[in-house]
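Q: So that you have it, the file is start_35.txt, and it contains compact mmCIF, C-alpha atoms:
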# COMPACT_ATOMS: atom_id res chain seq x y z
CA MET T 1 10.89 -19.15 -10.40
CA TRP T 2 10.75 -16.06 -8.25
CA ARG T 3 14.07 -16.84 -6.60
CA SER T 4 15.78 -16.09 -9.90
CA CYS T 5 14.14 -12.69 -9.72
CA GLN T 6 15.03 -12.30 -6.06
CA ARG T 7 18.72 -12.67 -6.85
CA LEU T 8 18.60 -9.58 -9.07
CA PHE T 9 19.31 -7.34 -6.11
CA CYS T 10 21.06 -7.44 -2.75
CA ALA T 11 19.27 -5.89 0.22
CA ARG T 12 21.01 -2.91 1.84
CA SER T 13 20.03 -0.57 4.62
CA PRO T 14 18.76 2.59 2.91
CA GLN T 15 20.75 5.71 3.62
CA ALA T 16 18.54 8.34 2.12
CA PRO T 17 17.86 11.97 2.91
CA ARG T 18 14.39 13.02 3.89
CA LEU T 19 12.45 13.64 0.70
CA CYS T 20 9.45 15.44 2.11
CA PRO T 21 8.49 17.37 5.23
CA ALA T 22 6.17 16.04 7.88
CA PRO T 23 2.42 16.76 8.02
CA PRO T 24 0.30 18.12 10.84
CA VAL T 25 -0.56 16.25 14.02
CA GLY T 26 -3.04 13.94 12.34
CA GLY T 27 -0.86 13.43 9.28
CA PRO T 28 -1.77 14.18 5.67
CA SER T 29 -4.65 12.56 3.90
CA LEU T 30 -3.64 10.24 1.10
CA SER T 31 -3.55 11.63 -2.42
CA LEU T 32 -4.73 9.07 -4.98
CA PRO T 33 -5.26 9.34 -8.73
CA GLY T 34 -8.46 11.17 -9.45
CA THR T 35 -8.65 12.92 -6.10
CA ALA T 36 -9.67 16.53 -6.18
CA ARG T 37 -7.84 17.69 -3.11
CA THR T 38 -4.63 17.01 -1.21
CA TYR T 39 -3.00 18.27 1.96
CA THR T 40 0.29 20.14 1.85
CA PRO T 41 2.52 18.79 4.61
CA PRO T 42 4.16 21.53 6.73
CA THR T 43 7.50 21.34 8.50
CA GLU T 44 8.28 18.66 11.05
CA ARG T 45 6.85 19.12 14.51
CA LYS T 46 8.56 18.36 17.77
CA ARG T 47 7.01 15.50 19.68
CA PHE T 48 4.68 17.16 22.18
CA TYR T 49 3.31 14.12 24.01
CA GLN T 50 4.72 11.51 26.39
CA ASN T 51 2.22 8.67 26.34
CA VAL T 52 0.04 7.08 23.69
CA SER T 53 -3.03 5.02 24.48
CA ILE T 54 -6.29 3.89 22.91
CA SER T 55 -9.84 4.07 24.22
CA GLN T 56 -13.23 3.01 22.96
CA GLY T 57 -15.78 5.69 22.20
CA GLU T 58 -19.24 5.72 20.68
CA GLY T 59 -17.91 5.78 17.11
CA GLY T 60 -15.12 3.25 17.52
CA PHE T 61 -11.59 3.26 18.88
CA GLU T 62 -9.75 6.53 19.53
CA ILE T 63 -6.08 7.47 19.89
CA ASN T 64 -5.00 9.50 22.92
CA LEU T 65 -1.78 11.53 22.99
CA ASP T 66 -1.49 12.14 26.72
CA HIS T 67 -4.89 13.71 27.40
CA ARG T 68 -5.46 14.93 23.87
CA LYS T 69 -7.72 13.16 21.38
CA LEU T 70 -6.08 12.71 18.00
CA LYS T 71 -7.83 14.62 15.21
CA THR T 72 -7.73 14.39 11.41
CA PRO T 73 -6.48 17.22 9.16
CA GLN T 74 -10.13 18.31 8.85
CA ALA T 75 -10.38 18.39 12.66
CA LYS T 76 -12.61 15.32 12.88
CA LEU T 77 -12.19 12.97 15.82
CA PHE T 78 -9.75 10.26 14.79
CA THR T 79 -11.86 7.14 15.25
CA VAL T 80 -11.18 3.74 13.67
CA PRO T 81 -13.50 0.71 13.43
CA SER T 82 -11.03 -1.93 14.66
CA GLU T 83 -9.18 -2.21 17.96
CA ALA T 84 -6.33 -3.96 16.13
CA LEU T 85 -6.04 -1.01 13.74
CA ALA T 86 -6.11 1.44 16.67
CA ILE T 87 -3.23 -0.45 18.28
CA ALA T 88 -1.24 -0.34 15.03
CA VAL T 89 -1.82 3.42 14.63
CA ALA T 90 -0.96 4.08 18.27
CA THR T 91 2.28 2.16 17.75
CA GLU T 92 3.16 4.51 14.88
CA TRP T 93 2.70 7.51 17.14
CA ASP T 94 4.56 5.94 20.04
CA SER T 95 7.48 5.08 17.73
CA GLN T 96 8.14 8.73 16.92
CA GLN T 97 11.25 10.09 18.58
CA ASP T 98 12.11 13.77 19.12
CA THR T 99 10.18 14.90 16.05
CA ILE T 100 6.98 13.65 14.46
CA LYS T 101 7.81 12.24 11.05
CA SER T 102 4.30 11.73 9.79
CA TYR T 103 5.49 10.73 6.33
CA THR T 104 6.56 7.44 7.93
CA MET T 105 3.10 6.88 9.45
CA HIS T 106 1.30 5.23 6.56
CA LEU T 107 -1.52 3.71 8.62
CA THR T 108 -2.33 7.09 10.15
CA THR T 109 -2.40 8.61 6.68
CA LEU T 110 -4.77 5.92 5.39
CA CYS T 111 -7.09 6.45 8.36
CA ASN T 112 -7.13 10.21 7.74
CA THR T 113 -8.10 9.60 4.13
CA ALA T 114 -10.88 7.21 5.12
CA LEU T 115 -12.22 9.64 7.72
CA ASP T 116 -11.89 12.92 5.79
CA ASN T 117 -12.50 11.51 2.30
CA PRO T 118 -11.00 14.68 0.74
CA SER T 119 -12.01 13.67 -2.79
CA GLN T 120 -15.58 12.88 -1.68
CA ARG T 121 -15.61 9.55 -3.51
CA ASN T 122 -18.18 6.86 -2.80
CA LYS T 123 -17.65 3.09 -2.75
CA ASP T 124 -18.56 2.58 -6.42
CA GLN T 125 -16.06 5.25 -7.52
CA ILE T 126 -13.25 3.64 -5.53
CA ILE T 127 -14.03 0.23 -7.01
CA ARG T 128 -14.10 1.60 -10.56
CA ALA T 129 -10.73 3.29 -10.03
CA ALA T 130 -9.26 0.05 -8.70
CA VAL T 131 -10.58 -2.13 -11.52
CA LYS T 132 -9.39 0.37 -14.13
CA PHE T 133 -5.80 -0.55 -13.21
CA LEU T 134 -6.45 -3.95 -14.78
CA GLU T 135 -6.32 -2.31 -18.21
CA THR T 136 -2.71 -1.23 -17.60
CA ASP T 137 -1.67 -3.92 -15.13
CA THR T 138 2.11 -4.19 -14.72
CA VAL T 139 2.22 -7.97 -15.13
CA CYS T 140 0.18 -7.90 -18.34
CA TYR T 141 2.59 -5.69 -20.33
CA ARG T 142 5.50 -7.62 -21.82
CA VAL T 143 8.60 -6.67 -23.78
CA GLU T 144 9.84 -8.36 -26.95
CA GLU T 145 13.51 -7.86 -26.09
CA PRO T 146 16.05 -8.32 -24.58
CA ALA T 147 15.71 -12.08 -24.36
CA GLY T 148 16.75 -12.19 -20.71
CA LEU T 149 13.97 -9.85 -19.63
CA VAL T 150 11.45 -11.63 -21.83
CA GLU T 151 12.25 -14.91 -20.10
CA LEU T 152 12.21 -13.31 -16.66
CA GLN T 153 8.76 -11.79 -17.23
CA LYS T 154 7.44 -15.11 -18.47
CA ASN T 155 8.88 -17.07 -15.53
CA GLU T 156 7.80 -14.59 -12.86
CA TRP T 157 4.62 -12.95 -14.13
CA ASP T 158 2.88 -15.83 -15.91
CA PRO T 159 2.33 -17.77 -12.65
CA MET T 160 0.64 -14.70 -11.12
CA ILE T 161 -1.72 -14.34 -14.07
CA GLU T 162 -2.47 -18.07 -14.00
CA TRP T 163 -3.19 -17.88 -10.28
CA ALA T 164 -5.58 -14.93 -10.73
CA GLU T 165 -7.39 -16.58 -13.64
CA LYS T 166 -7.91 -19.76 -11.63
CA ARG T 167 -8.71 -17.99 -8.35
CA TYR T 168 -11.39 -15.73 -9.83
CA ASN T 169 -12.39 -17.92 -12.79
CA VAL T 170 -11.60 -15.19 -15.34
CA GLU T 171 -9.53 -14.56 -18.45
CA ILE T 172 -6.73 -11.99 -18.31
CA GLY T 173 -3.76 -12.84 -20.55
CA SER T 174 -0.80 -10.65 -21.49
CA SER T 175 0.43 -8.70 -24.50
CA THR T 176 3.51 -7.09 -26.01
CA SER T 177 1.33 -4.44 -27.65
CA ILE T 178 1.40 -0.91 -26.28
CA MET T 179 -2.39 -1.23 -26.12
CA GLY T 180 -2.06 -4.08 -23.64
CA PRO T 181 -4.24 -7.20 -23.48
CA ASN T 182 -7.93 -7.12 -24.30
CA ILE T 183 -9.53 -7.65 -20.90
CA PRO T 184 -13.02 -9.21 -21.26
CA ALA T 185 -15.92 -7.31 -19.72
CA ARG T 186 -16.79 -10.39 -17.66
CA THR T 187 -13.36 -10.25 -16.02
CA LYS T 188 -13.86 -6.64 -15.00
CA ASP T 189 -17.35 -7.43 -13.71
CA THR T 190 -15.97 -10.30 -11.61
CA PHE T 191 -13.34 -8.11 -9.97
CA THR T 192 -15.92 -5.37 -9.45
CA SER T 193 -18.22 -7.79 -7.63
CA HIS T 194 -15.35 -9.17 -5.56
CA LEU T 195 -14.16 -5.74 -4.45
CA ALA T 196 -17.72 -4.78 -3.56
CA SER T 197 -17.63 -7.45 -0.85
CA TYR T 198 -15.14 -5.31 1.12
CA ASN T 199 -16.18 -2.43 3.35
CA MET T 200 -15.28 1.16 2.53
CA TRP T 201 -12.26 1.25 4.84
CA ALA T 202 -10.75 -1.96 3.50
CA LEU T 203 -11.26 -0.70 -0.05
CA GLN T 204 -9.19 2.39 0.75
CA GLY T 205 -6.31 0.11 1.70
CA ILE T 206 -6.72 -2.15 -1.33
CA GLU T 207 -6.77 0.76 -3.76
CA TYR T 208 -3.70 2.22 -2.06
CA VAL T 209 -1.81 -1.04 -2.59
CA ILE T 210 -2.92 -1.13 -6.23
CA THR T 211 -1.60 2.38 -6.83
CA GLN T 212 1.75 1.43 -5.28
CA LEU T 213 2.25 -1.74 -7.32
CA LYS T 214 0.45 -0.49 -10.45
CA SER T 215 -1.16 -3.91 -10.52
CA LEU T 216 -4.56 -5.22 -9.51
CA ILE T 217 -3.32 -8.80 -9.94
CA LEU T 218 -0.34 -8.45 -7.60
CA SER T 219 -2.46 -6.54 -5.10
CA MET T 220 -5.13 -9.22 -4.94
CA GLY T 221 -2.36 -11.80 -4.55
CA LEU T 222 -1.29 -9.87 -1.45
CA ILE T 223 -4.77 -9.37 -0.05
CA ASP T 224 -5.55 -13.06 -0.56
CA ARG T 225 -2.26 -13.96 1.16
CA HIS T 226 -1.03 -15.78 -1.94
CA ILE T 227 2.28 -13.88 -1.99
CA PRO T 228 4.21 -11.86 0.63
CA VAL T 229 4.90 -8.13 0.42
CA GLU T 230 8.56 -8.60 -0.57
CA LYS T 231 7.64 -10.75 -3.55
CA ALA T 232 4.82 -8.46 -4.70
CA VAL T 233 7.12 -5.44 -4.62
CA LEU T 234 9.89 -7.27 -6.42
CA LEU T 235 7.53 -8.46 -9.15
CA SER T 236 6.20 -4.92 -9.60
CA ARG T 237 9.81 -3.70 -10.10
CA LEU T 238 10.95 -6.57 -12.31
CA GLU T 239 12.14 -4.49 -15.25
CA GLU T 240 13.84 -1.94 -13.01
CA GLU T 241 15.71 -4.63 -11.09
CA PHE T 242 16.75 -6.21 -14.41
CA GLN T 243 18.18 -2.88 -15.54
CA ILE T 244 19.96 -2.38 -12.21
CA GLN T 245 21.63 -5.76 -12.62
CA HIS T 246 22.98 -4.74 -16.00
CA TRP T 247 23.68 -1.03 -15.54
CA GLY T 248 24.37 -0.68 -11.85
CA ASN T 249 22.62 0.71 -8.82
CA VAL T 250 22.42 4.30 -7.56
CA GLU T 251 22.57 3.10 -3.99
CA TRP T 252 20.62 5.63 -1.97
CA ALA T 253 18.05 6.34 -4.69
CA HIS T 254 17.23 2.79 -5.72
CA ASP T 255 17.45 1.39 -2.22
CA TYR T 256 15.30 4.16 -0.79
CA ASP T 257 12.64 3.60 -3.47
CA LEU T 258 12.64 -0.14 -2.79
CA TYR T 259 12.25 0.14 0.97
CA GLU T 260 9.70 2.94 0.73
CA LEU T 261 7.59 0.89 -1.68
CA ARG T 262 7.78 -2.08 0.65
CA ALA T 263 6.69 0.06 3.60
CA ARG T 264 3.74 1.60 1.77
CA THR T 265 2.63 -1.72 0.30
CA ALA T 266 2.87 -3.48 3.65
CA ALA T 267 0.91 -0.70 5.35
CA GLY T 268 -1.88 -0.77 2.76
CA THR T 269 -2.16 -4.55 2.98
CA LEU T 270 -2.20 -4.51 6.78
CA PHE T 271 -4.75 -1.69 6.74
CA ALA T 272 -7.08 -3.69 4.46
CA HIS T 273 -6.77 -6.79 6.64
CA LEU T 274 -7.29 -4.94 9.91
CA CYS T 275 -10.32 -3.10 8.54
CA SER T 276 -11.82 -6.45 7.57
CA GLU T 277 -11.05 -7.94 10.98
CA SER T 278 -14.15 -8.78 12.99
CA SER T 279 -12.51 -10.06 16.16
CA THR T 280 -11.50 -7.72 18.97
CA VAL T 281 -8.00 -7.61 20.35
CA LYS T 282 -8.24 -8.39 24.04
CA HIS T 283 -5.26 -6.44 25.32
CA LYS T 284 -4.51 -2.73 25.40
CA LEU T 285 -1.49 -1.00 23.95
CA LEU T 286 1.37 0.55 25.85
CA GLN T 287 0.57 -0.50 29.38
CA ASP T 288 2.88 1.26 31.84
Reformat the file's structure so that it appears as structure tokens.
A:
Amino acid sequence: MWRSCQRLFCARSPQAPRLCPAPPVGGPSLSLPGTARTYTPPTERKRFYQNVSISQGEGGFEINLDHRKLKTPQAKLFTVPSEALAIAVATEWDSQQDTIKSYTMHLTTLCNTALDNPSQRNKDQIIRAAVKFLETDTVCYRVEEPAGLVELQKNEWDPMIEWAEKRYNVEIGSSTSIMGPNIPARTKDTFTSHLASYNMWALQGIEYVITQLKSLILSMGLIDRHIPVEKAVLLSRLEEEFQIQHWGNVEWAHDYDLYELRARTAAGTLFAHLCSESSTVKHKLLQD
């Protein structure tokens, strides 16, 4: 099954140049399809703080850079609903070396988006955008040739569709038509109702994962802990990895894309889980 897909590539340490500059202190807000506004990241900034800690305020958990309170790009107090999420974000900031590379701080970016909401979308709009991906879901579009790729898609993607159909009691299917499969309205309604059970913060993370994988099915497999991040990313890149096997690999480009996609997907999944977490972490981060 998926091990045949896994053998399509060999993991390497990415040696890639920096593709984008770093954002301001709070990091950029996330730009998603349909958003009306984005932040332009400026040049990298030198690390200006020594210690990172978290504290609990009236609105939730805050991040402290020495004696400064972290702020969002819109100058709002950076406050998150979960202590576990605050610890994860603080770890991102503490991991920065001489310069602040905010483009590596995916959890911070997701928090900024949730707090600033630059596109001013409500919960229903986020859910509709997420469910719309089902109409063009990666695992639902199949090729008719070459035979090797046809077989690979069947062996690797069919089990994911079957899992989703059984898990949510819906019909999805697949198609070789450019129009894609005909997704029943009941299926869309079921996913809409399921996503509505998540809070606004968790939804931001789920939609982010969906935009990375171009697949609602793979994303829900991740959120439901049915598959790990590595498998979800590999399945989302199935055709690309098939082509690499046959035509070769541009090492830094392909490897960089792979590892970046893994990092973003893992961050979005972790963000969704931590924002759904009700328990409180009992220890504090970065005790001296």
Q: For a test of reading the model, state the distance in Å between CA of Leu238 (chain T) and CA of Lys132 (chain T), rounded to one decimal.
A: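 Pair CA of Leu238 (chain T) / CA of Lys132 (chain T) returns 21.6 Å.
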Q: Tell me, as JSON, numbers by chain, which residues lie within 9 Å of region 150-165 of chain T, counting only C-alpha atoms; anything in the same chain fewer than 3 positions away does not count.
A: {"T": [1, 2, 4, 5, 139, 140, 142, 143, 144, 145, 146, 147, 168, 169, 170, 171, 172, 173, 174, 217, 218, 220, 221, 226, 235, 238, 239, 242]}
Q: Skip region 78-82 of chain T itself and residues of its chain fewer than 2 positions away, then list as a PyMOL selection string all residues within 12 Å of it, counting only C-alpha atoms.
A: chain T and resi 25-27+54-65+68-76+84-90+107-116+199-202+271-282
Q: To one decimal place in Å, what is the distance between CA of Thr265 (chain T) and CA of Val209 (chain T)?
A: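 Between CA of Thr265 (chain T) and CA of Val209 (chain T) the gap is 5.3 Å.
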Q: What is the distance, in Å and to one decimal place, between CA of Arg128 (chain T) and CA of Ile183 (chain T)?
A: 14.6 Å
Q: Looking at all atoms listed in the file, which of T:Ile206, T:Phe133, T:Leu261, T:Ser177 is the one that sits closest to Lys231 (chain T)?
A: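 Selected residue with least distance to Lys231 (chain T): T:Leu261.
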Q: For Gln243 (chain T), which residue among T:Gln50, T:Gly148, T:Thr192, T:Gln204 is the nearest when counting all atoms listed in the file?
A: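 Of the candidates, the smallest distance to Gln243 (chain T) is held by T:Gly148.
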Q: Could you tell me which of T:Thr91, T:Thr211, T:Ser102, T:Gln96 comes closest to Arg47 (chain T) if we count all atoms listed in the file?
A: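 Among the listed residues, the smallest separation from Arg47 (chain T) belongs to T:Gln96.
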Q: Using the file's own x, y and z axes, what box holds all listed atoms of region 50-67 of chain T with 4 Å on each side, keeping edges along x, y and z, and what are its centre and edge lengths in Å to one decimal, as AutoDock Vina command-line options?
A:
--center_x -7.3 --center_y 8.4 --center_z 22.3 --size_x 32.0 --size_y 18.7 --size_z 18.3
Q: In terms of the shortest atom-to-atom distance over all atoms listed in the file, which of T:Phe191, T:Tyr49, T:Tyr198, T:Tyr103 is closest to Lys123 (chain T)?
A: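 Smallest separation from Lys123 (chain T) among the options: T:Tyr198.
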Q: Rank nothing, just name the residue among T:Arg262, T:Met179, T:Ile223, T:Gly268 nearest to Ser236 (chain T), using all atoms listed in the file.
A: T:Arg262
